Every structure is written in C-alpha cells, then in structure tokens.
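Asks: Okay, so here is coords30.cif, and as you'll see once you scroll down, it has mmCIF, C-alpha atoms, pLDDT in the B column; chains and numbers go by the auth columns.
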```cif
data_coords
loop_
_atom_site.group_PDB
_atom_site.id
_atom_site.type_symbol
_atom_site.label_atom_id
_atom_site.label_comp_id
_atom_site.label_asym_id
_atom_site.label_seq_id
_atom_site.Cartn_x
_atom_site.Cartn_y
_atom_site.Cartn_z
_atom_site.B_iso_or_equiv
_atom_site.auth_seq_id
_atom_site.auth_asym_id
ATOM 1 C CA MET A 1 17.186 76.351 -36.794 67.00 1 A
ATOM 2 C CA THR A 2 20.403 75.611 -34.893 80.00 2 A
ATOM 3 C CA GLU A 3 22.652 72.728 -35.796 81.00 3 A
ATOM 4 C CA PRO A 4 22.984 69.887 -33.290 78.00 4 A
ATOM 5 C CA THR A 5 26.295 69.527 -31.470 71.00 5 A
ATOM 6 C CA ARG A 6 28.474 67.137 -33.403 76.00 6 A
ATOM 7 C CA TYR A 7 31.289 66.789 -30.924 75.00 7 A
ATOM 8 C CA SER A 8 31.600 65.264 -27.509 81.00 8 A
ATOM 9 C CA THR A 9 31.029 67.711 -24.676 79.00 9 A
ATOM 10 C CA PRO A 10 32.470 67.214 -21.184 85.00 10 A
ATOM 11 C CA PRO A 11 30.065 66.070 -18.472 85.00 11 A
ATOM 12 C CA ILE A 12 28.452 68.669 -16.246 87.00 12 A
ATOM 13 C CA ASP A 13 29.763 68.519 -12.676 88.00 13 A
ATOM 14 C CA LEU A 14 26.849 69.079 -10.285 86.00 14 A
ATOM 15 C CA PRO A 15 27.244 69.412 -6.513 82.00 15 A
ATOM 16 C CA ASP A 16 26.495 66.332 -4.449 80.00 16 A
ATOM 17 C CA PRO A 17 23.330 67.120 -2.431 72.00 17 A
ATOM 18 C CA THR A 18 24.237 64.517 0.200 70.00 18 A
ATOM 19 C CA ARG A 19 27.318 66.531 1.203 76.00 19 A
ATOM 20 C CA VAL A 20 25.340 69.552 2.393 72.00 20 A
ATOM 21 C CA VAL A 21 26.075 70.351 6.032 84.00 21 A
ATOM 22 C CA GLU A 22 22.872 70.009 8.005 90.00 22 A
ATOM 23 C CA PRO A 23 21.980 72.275 10.897 94.00 23 A
ATOM 24 C CA THR A 24 22.479 70.762 14.337 94.00 24 A
ATOM 25 C CA PRO A 25 19.694 70.816 16.926 95.00 25 A
ATOM 26 C CA VAL A 26 20.054 73.382 19.678 94.00 26 A
ATOM 27 C CA PRO A 27 21.057 71.569 22.906 94.00 27 A
ATOM 28 C CA GLY A 28 18.192 71.383 25.369 94.00 28 A
ATOM 29 C CA CYS A 29 15.494 72.374 22.856 94.00 29 A
ATOM 30 C CA LYS A 30 12.713 69.785 22.730 94.00 30 A
ATOM 31 C CA GLY A 31 11.449 71.139 19.388 94.00 31 A
ATOM 32 C CA CYS A 32 14.865 70.751 17.751 95.00 32 A
ATOM 33 C CA ALA A 33 15.260 67.250 19.200 96.00 33 A
ATOM 34 C CA GLU A 34 11.886 66.200 17.792 97.00 34 A
ATOM 35 C CA LEU A 35 12.692 67.685 14.386 97.00 35 A
ATOM 36 C CA ALA A 36 16.030 65.851 14.343 97.00 36 A
ATOM 37 C CA LYS A 37 14.249 62.578 15.153 98.00 37 A
ATOM 38 C CA VAL A 38 11.694 63.129 12.369 98.00 38 A
ATOM 39 C CA ARG A 39 14.550 64.037 10.007 97.00 39 A
ATOM 40 C CA ASP A 40 16.322 60.738 10.790 97.00 40 A
ATOM 41 C CA TRP A 41 13.140 58.715 10.223 98.00 41 A
ATOM 42 C CA ALA A 42 12.450 60.548 6.963 98.00 42 A
ATOM 43 C CA ARG A 43 15.982 59.935 5.699 96.00 43 A
ATOM 44 C CA ALA A 44 15.706 56.220 6.563 97.00 44 A
ATOM 45 C CA GLY A 45 12.471 56.095 4.558 97.00 45 A
ATOM 46 C CA GLY A 46 13.905 58.015 1.604 96.00 46 A
ATOM 47 C CA ASP A 47 11.669 61.065 2.154 97.00 47 A
ATOM 48 C CA MET A 48 14.165 63.812 1.336 93.00 48 A
ATOM 49 C CA THR A 49 11.433 66.471 1.181 96.00 49 A
ATOM 50 C CA THR A 50 10.724 66.002 4.875 97.00 50 A
ATOM 51 C CA VAL A 51 14.469 65.924 5.599 95.00 51 A
ATOM 52 C CA SER A 52 14.808 69.295 3.882 94.00 52 A
ATOM 53 C CA ASP A 53 11.789 70.721 5.726 96.00 53 A
ATOM 54 C CA CYS A 54 13.226 69.643 9.089 96.00 54 A
ATOM 55 C CA ASN A 55 16.591 71.188 8.213 95.00 55 A
ATOM 56 C CA VAL A 56 14.930 74.508 7.438 94.00 56 A
ATOM 57 C CA ARG A 57 12.958 74.487 10.682 95.00 57 A
ATOM 58 C CA ILE A 58 16.004 73.572 12.784 96.00 58 A
ATOM 59 C CA ALA A 59 18.049 76.302 11.090 94.00 59 A
ATOM 60 C CA ARG A 60 15.310 78.839 11.918 94.00 60 A
ATOM 61 C CA HIS A 61 15.441 77.997 15.633 89.00 61 A
ATOM 62 C CA PRO A 62 15.878 81.620 16.771 83.00 62 A
ATOM 63 C CA GLU A 63 12.596 82.474 15.009 79.00 63 A
ATOM 64 C CA GLY A 64 10.758 79.609 16.696 74.00 64 A
ATOM 65 C CA HIS A 65 9.546 76.282 15.348 70.00 65 A
#
```
Could you write out this structure as structure tokens?
Replies:
Amino acid sequence: MTEPTRYSTPPIDLPDPTRVVEPTPVPGCKGCAELAKVRDWARAGGDMTTVSDCNVRIARHPEGH
C-alpha cells in the first residue's frame, strides 16, 4: 500500500473553459443565425451542454447543419 502524501502540493492549474473562443456564425446563413440565438438562450439559462452543441454545429458549417 502506498503512503499518503505528507507535504503540501501546489494547486493544479486547469484551463478556464469560459475563455474558449467560440465559432462565429457565417454571415447570411439562417442556420448559423438560429444556432447562435439558441446558444445565447442556453448560456443565459446555464445550459452549457446546449452551448457546446451549438458551437460544434456552427463550426461544422461547411458540412451542413
């Protein structure tokens, strides 16, 4: 069995997920505009799963929505 750590370890520095650059909607694309609107509503409601899903779909614009 391993011995527990008996000394203070420095904190782990994790990246801040709120500083991730989000994809921007393609100008003139109604699908991207709708996804951006849903993303804003989801963020306001604290639904970060939907925010992430919208980001993925906007980023995949060339493949279609």
Asks: Mind checking which residues fall within 10 Å of Arg57 of chain A, counting all atoms listed in the file, ignoring those fewer than 2 positions away in the same chain, and posting them as a VMD selection string?
Replies: chain A and resid 23 25 31 to 32 35 to 36 52 to 55 59 to 65
Asks: Can those selected residues be exported to a file as a PDB file, keeping the file's coordinate frame so that it contains C-alpha atoms?
Replies:
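The result, stored in selection-v1.pdb:
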```
ATOM      1  CA  PRO A  23      21.980  72.275  10.897  1.00 94.00           C
ATOM      2  CA  PRO A  25      19.694  70.816  16.926  1.00 95.00           C
ATOM      3  CA  GLY A  31      11.449  71.139  19.388  1.00 94.00           C
ATOM      4  CA  CYS A  32      14.865  70.751  17.751  1.00 95.00           C
ATOM      5  CA  LEU A  35      12.692  67.685  14.386  1.00 97.00           C
ATOM      6  CA  ALA A  36      16.030  65.851  14.343  1.00 97.00           C
ATOM      7  CA  SER A  52      14.808  69.295   3.882  1.00 94.00           C
ATOM      8  CA  ASP A  53      11.789  70.721   5.726  1.00 96.00           C
ATOM      9  CA  CYS A  54      13.226  69.643   9.089  1.00 96.00           C
ATOM     10  CA  ASN A  55      16.591  71.188   8.213  1.00 95.00           C
ATOM     11  CA  ALA A  59      18.049  76.302  11.090  1.00 94.00           C
ATOM     12  CA  ARG A  60      15.310  78.839  11.918  1.00 94.00           C
ATOM     13  CA  HIS A  61      15.441  77.997  15.633  1.00 89.00           C
ATOM     14  CA  PRO A  62      15.878  81.620  16.771  1.00 83.00           C
ATOM     15  CA  GLU A  63      12.596  82.474  15.009  1.00 79.00           C
ATOM     16  CA  GLY A  64      10.758  79.609  16.696  1.00 74.00           C
ATOM     17  CA  HIS A  65       9.546  76.282  15.348  1.00 70.00           C
TER      18      HIS A  65
END
```
Asks: Pick the closest to Pro27 of chain A from A:Met48, A:Ile58, A:Pro10, A:Glu3: which is it, counting all atoms listed in the file?
Replies: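 Smallest separation from Pro27 of chain A among the options: A:Ile58.
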Asks: Padding 4 Å on each side, edges along x, y and z: where is the centre of the box around the listed atoms of segment 13-25 of chain A, and how long are its edges in Å to one decimal? Output it as lines of an AutoDock Vina configuration file.
Replies:
```
center_x = 24.7
center_y = 68.4
center_z = 2.1
size_x = 18.1
size_y = 15.8
size_z = 37.6
```
Asks: What separation in Å, quoted to one decimal, exists between atom CA of Ile12 of chain A and atom CA of Gly46 of chain A?
Replies: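 Separation between atom CA of Ile12 of chain A and atom CA of Gly46 of chain A: 25.4 Å.
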Asks: Suppose you want the space between atom CA of Asp16 of chain A and atom CA of Asp47 of chain A; what is it in Å?
Replies: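 Calculated distance between atom CA of Asp16 of chain A and atom CA of Asp47 of chain A is 17.1 Å.
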Asks: Go through A:Pro4, A:Val26, A:Val56, A:Asp13 one by one, measure the shortest atom-to-atom distance of each to Arg39 of chain A using only C-alpha atoms, and give the residue with the smallest value.
Replies: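 Looking at the shortest contact to Arg39 of chain A, the residue is A:Val56.
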Asks: Rounded to one decimal place, report the atom CA of Gly45 of chain A-atom CA of Pro17 of chain A distance in Å.
Replies: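 It comes out at 17.0 Å.
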Asks: Would you mind completing segment 9-20 of chain A so that it carries all heavy atoms, and writing it out as an mmCIF file, in the coordinates of the input?
Replies:
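File produced: part_23.cif:
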```cif
data_model
loop_
_atom_site.group_PDB
_atom_site.id
_atom_site.type_symbol
_atom_site.label_atom_id
_atom_site.label_comp_id
_atom_site.auth_asym_id
_atom_site.auth_seq_id
_atom_site.Cartn_x
_atom_site.Cartn_y
_atom_site.Cartn_z
ATOM 1 N N THR A 9 30.887 66.649 -25.674
ATOM 2 C CA THR A 9 31.029 67.711 -24.676
ATOM 3 C C THR A 9 31.375 67.072 -23.337
ATOM 4 O O THR A 9 30.960 65.943 -23.057
ATOM 5 C CB THR A 9 29.729 68.524 -24.537
ATOM 6 O OG1 THR A 9 28.680 67.649 -24.173
ATOM 7 C CG2 THR A 9 29.381 69.230 -25.833
ATOM 8 N N PRO A 10 32.135 67.784 -22.497
ATOM 9 C CA PRO A 10 32.470 67.214 -21.184
ATOM 10 C C PRO A 10 31.220 67.118 -20.306
ATOM 11 O O PRO A 10 30.268 67.872 -20.476
ATOM 12 C CB PRO A 10 33.475 68.208 -20.608
ATOM 13 C CG PRO A 10 33.231 69.475 -21.333
ATOM 14 C CD PRO A 10 32.705 69.109 -22.693
ATOM 15 N N PRO A 11 31.218 66.194 -19.368
ATOM 16 C CA PRO A 11 30.065 66.070 -18.472
ATOM 17 C C PRO A 11 29.939 67.290 -17.570
ATOM 18 O O PRO A 11 30.918 67.960 -17.256
ATOM 19 C CB PRO A 11 30.381 64.815 -17.648
ATOM 20 C CG PRO A 11 31.854 64.662 -17.740
ATOM 21 C CD PRO A 11 32.255 65.231 -19.067
ATOM 22 N N ILE A 12 28.720 67.565 -17.165
ATOM 23 C CA ILE A 12 28.452 68.669 -16.246
ATOM 24 C C ILE A 12 28.688 68.159 -14.832
ATOM 25 O O ILE A 12 28.179 67.108 -14.444
ATOM 26 C CB ILE A 12 27.008 69.177 -16.404
ATOM 27 C CG1 ILE A 12 26.800 69.707 -17.814
ATOM 28 C CG2 ILE A 12 26.695 70.233 -15.372
ATOM 29 C CD1 ILE A 12 25.368 70.059 -18.111
ATOM 30 N N ASP A 13 29.448 68.905 -14.045
ATOM 31 C CA ASP A 13 29.763 68.519 -12.676
ATOM 32 C C ASP A 13 28.805 69.239 -11.731
ATOM 33 O O ASP A 13 28.933 70.437 -11.493
ATOM 34 C CB ASP A 13 31.215 68.866 -12.348
ATOM 35 C CG ASP A 13 31.637 68.348 -10.988
ATOM 36 O OD1 ASP A 13 30.998 67.402 -10.485
ATOM 37 O OD2 ASP A 13 32.606 68.899 -10.444
ATOM 38 N N LEU A 14 27.831 68.507 -11.210
ATOM 39 C CA LEU A 14 26.849 69.079 -10.285
ATOM 40 C C LEU A 14 27.268 68.794 -8.850
ATOM 41 O O LEU A 14 27.897 67.777 -8.569
ATOM 42 C CB LEU A 14 25.469 68.483 -10.551
ATOM 43 C CG LEU A 14 24.878 68.747 -11.932
ATOM 44 C CD1 LEU A 14 23.563 67.990 -12.085
ATOM 45 C CD2 LEU A 14 24.660 70.222 -12.151
ATOM 46 N N PRO A 15 26.900 69.670 -7.914
ATOM 47 C CA PRO A 15 27.244 69.412 -6.513
ATOM 48 C C PRO A 15 26.479 68.203 -5.974
ATOM 49 O O PRO A 15 25.359 67.928 -6.385
ATOM 50 C CB PRO A 15 26.823 70.698 -5.799
ATOM 51 C CG PRO A 15 25.848 71.351 -6.702
ATOM 52 C CD PRO A 15 26.175 70.907 -8.101
ATOM 53 N N ASP A 16 27.105 67.503 -5.064
ATOM 54 C CA ASP A 16 26.495 66.332 -4.449
ATOM 55 C C ASP A 16 25.577 66.804 -3.317
ATOM 56 O O ASP A 16 26.040 67.324 -2.304
ATOM 57 C CB ASP A 16 27.585 65.411 -3.902
ATOM 58 C CG ASP A 16 27.037 64.137 -3.291
ATOM 59 O OD1 ASP A 16 25.803 63.943 -3.295
ATOM 60 O OD2 ASP A 16 27.846 63.328 -2.813
ATOM 61 N N PRO A 17 24.250 66.622 -3.461
ATOM 62 C CA PRO A 17 23.330 67.120 -2.431
ATOM 63 C C PRO A 17 23.460 66.402 -1.087
ATOM 64 O O PRO A 17 23.015 66.908 -0.077
ATOM 65 C CB PRO A 17 21.945 66.894 -3.043
ATOM 66 C CG PRO A 17 22.140 65.820 -4.050
ATOM 67 C CD PRO A 17 23.554 65.971 -4.546
ATOM 68 N N THR A 18 24.083 65.231 -1.062
ATOM 69 C CA THR A 18 24.237 64.517 0.200
ATOM 70 C C THR A 18 25.382 65.076 1.039
ATOM 71 O O THR A 18 25.533 64.709 2.194
ATOM 72 C CB THR A 18 24.479 63.014 -0.039
ATOM 73 O OG1 THR A 18 25.693 62.849 -0.785
ATOM 74 C CG2 THR A 18 23.322 62.381 -0.802
ATOM 75 N N ARG A 19 26.186 65.965 0.477
ATOM 76 C CA ARG A 19 27.318 66.531 1.203
ATOM 77 C C ARG A 19 27.006 67.903 1.815
ATOM 78 O O ARG A 19 27.887 68.586 2.285
ATOM 79 C CB ARG A 19 28.535 66.634 0.297
ATOM 80 C CG ARG A 19 29.027 65.294 -0.158
ATOM 81 C CD ARG A 19 30.443 65.375 -0.651
ATOM 82 N NE ARG A 19 30.906 64.065 -1.048
ATOM 83 C CZ ARG A 19 31.651 63.291 -0.301
ATOM 84 N NH1 ARG A 19 32.020 63.686 0.890
ATOM 85 N NH2 ARG A 19 32.041 62.116 -0.731
ATOM 86 N N VAL A 20 25.748 68.285 1.801
ATOM 87 C CA VAL A 20 25.340 69.552 2.393
ATOM 88 C C VAL A 20 25.394 69.412 3.912
ATOM 89 O O VAL A 20 24.915 68.427 4.473
ATOM 90 C CB VAL A 20 23.912 69.923 1.935
ATOM 91 C CG1 VAL A 20 23.413 71.158 2.645
ATOM 92 C CG2 VAL A 20 23.879 70.105 0.431
#
```
